[in-house]
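To start, the structure itself, in structure tokens.
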Amino acid sequence: MSNDVRVRFAPSPTGYLHVGGARTAAYNWLYAKKTGGKFILRIEDTDAERSTDDAIKGILDGMEWLGLDWDEGPSFQSKNIENHVEAAKKLLESGDAYKCFCTKEELDAKREEATKNKGDMRYDGTCRRLSPEQVAEKEAQGISYTVRLKVPDDGGAVKFKDEVCGFIEKRHEDIEDFIIVRSNGQPLYVLSNAVDDINDRITHIIRGQDGLANTPKQILIYNALGAPLPVFAHISLTLDTKKAKISKRKHGESVAVHFYREHGFIPWAFVNFLVLLGWSTSESQQIFSRDELIEKFSLGGLNKANSVFDIRADDPKFFTDPKAISINSHYIKNMPVEELAPYVKIEFESTGIWDADYEGAKKEWFNSTIDLLRERYHYTTDFVTLGKAFFSDDFEFEEKAVNKNLLKNEILKTMLPELAEKFSAMEGFGEKEIEDIMRAMIEEQGVKAGVLINGVRTAVTGQAVGPGIFELLIALGKERVVERLKKAGALY
RNA sequence: GUCCCCAUCGUCUAGCCAGGUCCAGGACACAGGCCUUUCACGCCUGCGACAGGGGUUCGAAUCCCCUUGGGGACGCCA
């Protein structure tokens with residue numbers, strides 16, 4: 001592969017980074033990594049009305065969190081406006097563009113008319129037919145004008161090969177003379193975007209299929225400007241369960257990257273999930289390490305058909321696409337504990353139960369405890385919710401668990417404190433010894449094993465579920481176990 | 001309305017370009033089972049799709065056409 005591949009992600013900062021954008025960014029990033037090329041981040045902030053600094057920060061934060069690092073930028077499109085205007089001037093001089101004096105009102109009226117008659121809504125070319133004298137006259141009158149690209153009327157077509165959509169052909173007659181500069185002199189997206197891509201020497205444009213309709217127009221601009229064409233790859237769109245394009249407006253937080261960060265996702269797990277939405281290997285492999293994904297990624301694996309992001313926003317069990325959860329859960333269970341620990345640390349810090357010793361004297365204990373717990377967790381946040389009792393004395397007793405495992409068995413009211421005594425008298429706190437003591441007590445009192453075991457679990461963790469009891473007690477430590485068992489009587 | 005794109009299990013998809021090995025494979029979800037002190041994990045089994053119709057062919061999920069369905073673009077937004 002050639003080393004001068006240059007790809008870009010060019011979001012407009014009108015809101016947080018959403019899953020669709022992140023997915024597009026990920027494909028670009030992957031392609032750059034794969035080819036040893038450069039990944040450029042360009043913020044298309046020319047819509048001053050809608051662009052905000054918060055959104056810029058949100059996008060940058062989201063990209064960083066996902067680990068999608070860029071090689072150049074972020075550059076801001078608003079800084080390049082001169083270049084765009086310059087390009088338009090060139091186009092005007094070469095005769096590839098012309099001035100249009102039609103007012104917005106006239107245009108709106110014509111469009112409305114066309115809508116009413118169910119006709120063509122495209123520009124009718126009125127000003128294209130103006131003679132130089134007429135143009136001069138209108139200019140002399142001080143009438144403001146937009147600049148339109150003069151689409152060839154030679155009966156030809158724009159033809160190009162898209163890496164995912166295949167060969168595409170659009171007849172010139174089907175493209176209207178589109179506006180490239182507003183009447184106030186400000187360039188428009190089709191122009192700005194193309195000129196920036198030319199200036200940034202972008203070789204591969206990997207973007208959503210919603211950009212497909214713009215492509216023939218932009219190719220016309222490239223051609224008129226004499227710039228070499230990049231390779232295009234228009235990726236499928238991400239739809240919601242009703243098959244509509246996902247948007248911030250409609251779906252709110254559940255499509256925001258930061259939402260997943262807040263809900264305890266491992267960033268790479270989320271990238272892994274996102275990439276699979278419209279891309280696959282011929283083996284349908286599901287889990288990829290970073291290096292493996294980079295190695296196996298190719299534009300050819302991109303699916304043409306749109307894919308559905310199965311947001312289950314209203315489903316109490318899932319809250320988002322079950323597959324995303326499943327992949328996250330897989331990473332939590334299988335990634336090296338040392339790599340998981342930093343993510344758990346973040347949760348601890350924000351909950352205020354982080355202990356610096358977890359990275360020092362208690363590091364071994366901390367790592368082995370999260371290793372013990374992670375088997376049944378899906379999110380990093382689970383460590384501070386479901387797992388809180390292992391790290392803090394300030395934990396909740398679940399009512400259901402207390403009812404089922406403690407209150408139903410009156411005998412535990414005395415057995416538990418008794419067990420505390422026995423544990424307390426132990427020299428160490430080994431698994432074998434703990435089991436022997438508990439088994440003996442079960443025998444002695446003639447209760448079912450599960451009664452004591454589940455009762456102890458609830459008494460020391462407040463929950464009805466969790467790791468195997470012996471491992472659990474060791475993880476908790478003798479001191480905490482004895483203390484909590486002693487207090488168990490008070491729960492009745 | 002005009003132009004463009006797409007179409008395999010509920011969801012993500014493999015297979016399609018180079019037709020037979022596909023009564024269609026994997027993953028998630030779901031159901032059942034095993035394991036088990038709980039809940040998970042893990043393992044096993046099951047449920048479940050080539051949108052419809054025409055062609056071409058000895059043979060079509062794969063090629064062609066039509067229909068239907070879905071999506072996108074059509075803005076002096078990006």
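Each chain in the structure tokens gets a letter, A, B, ..., in the order shown, and its residues are numbered from 1; ligands are numbered from 1 in order too.
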
**Prompt:** Residues at most 8 Å from Ser144 (chain A), counting only C-alpha atoms (C1' of nucleotides), excluding those fewer than 3 positions away in the same chain, as JSON, numbers by chain?
**Reply:** {"A": [101, 139, 183, 184]}

Within 8 Å of chain A: each chain B residue with its shortest pair, only C-alpha atoms (C1' of nucleotides), as CSV:
residue,atom,partner,partner_atom,distance
B:G1,C1',A:Lys118,CA,3.9
B:U2,C1',A:Asp120,CA,5.3
B:C3,C1',A:Asp174,CA,6.5
B:C4,C1',A:Ala213,CA,6.8
B:C5,C1',A:Cys165,CA,7.8
B:C6,C1',A:Ala305,CA,5.3
B:A7,C1',A:Ala305,CA,7.6
B:U11,C1',A:Asp310,CA,6.2
B:C12,C1',A:Leu277,CA,6.2
B:U13,C1',A:Ser284,CA,6.6
B:A14,C1',A:Ser282,CA,5.8
B:G26,C1',A:Ser284,CA,6.0
B:A27,C1',A:Gln286,CA,6.5
B:C28,C1',A:Lys323,CA,4.9
B:A29,C1',A:Pro322,CA,7.0
B:U37,C1',A:Gly450,CA,4.5
B:U38,C1',A:Val465,CA,5.1
B:C39,C1',A:Val465,CA,4.4
B:A40,C1',A:Arg376,CA,4.6
B:C41,C1',A:Glu375,CA,6.0
B:G70,C1',A:Lys243,CA,7.4
B:G71,C1',A:Asn306,CA,7.6
B:G72,C1',A:Asp210,CA,5.5
B:A73,C1',A:Ala213,CA,5.2
B:C74,C1',A:Met121,CA,7.1
B:C76,C1',A:Arg182,CA,4.5
B:C77,C1',A:Asp47,CA,7.4
B:A78,C1',A:Ser12,CA,6.1

**Asp357 (chain A) surroundings by only C-alpha atoms (C1' of nucleotides), 9 Å radius, close-in-sequence under 5 positions cut, as number ranges by chain** = A: 362-363, 366

**Nearest candidate to C50 (chain B) (options B:G10, B:A24, B:C16, B:C63; using only C-alpha atoms (C1' of nucleotides))** =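 When distances to C50 (chain B) are compared using only C-alpha atoms (C1' of nucleotides), the smallest one comes from B:A24.
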
**Request:** From the DSSP assignment of the backbone, select every residue of region 215-357 of chain A that is strand (DSSP E or B), and format the answer as a list in words.
**Result:**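 Restricting region 215-357 of chain A to strand (DSSP E or B) produces Val231, Phe232, Ala233, His234, Ile235, Thr238, Leu239, Lys245, Ala256, Trp279, Leu302, Ser307 and Val308 of chain A.
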
What lies within 7 Å of Val151 (chain A) using only C-alpha atoms (C1' of nucleotides), ignoring chain neighbours under 2 positions off, as a PDB file with C-alpha atoms, in the first residue's frame?
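What ended up in result.pdb:
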ATOM      1  CA  LEU A 149     -21.435  26.046 -11.115  1.00  0.00           C
ATOM      2  CA  ASP A 153     -24.833  20.494 -21.082  1.00  0.00           C
ATOM      3  CA  HIS A 172     -25.144  16.055 -16.422  1.00  0.00           C
ATOM      4  CA  GLU A 176     -28.721  21.360 -11.523  1.00  0.00           C
ATOM      5  CA  ASP A 177     -26.477  24.392 -11.670  1.00  0.00           C
TER       6      ASP A 177
END

**Message:** Between B:U8, B:U56, B:U62, B:U36, which residue has the minimum interatomic distance to G20 (chain B), considering only C-alpha atoms (C1' of nucleotides)?
**Reply:** B:U62
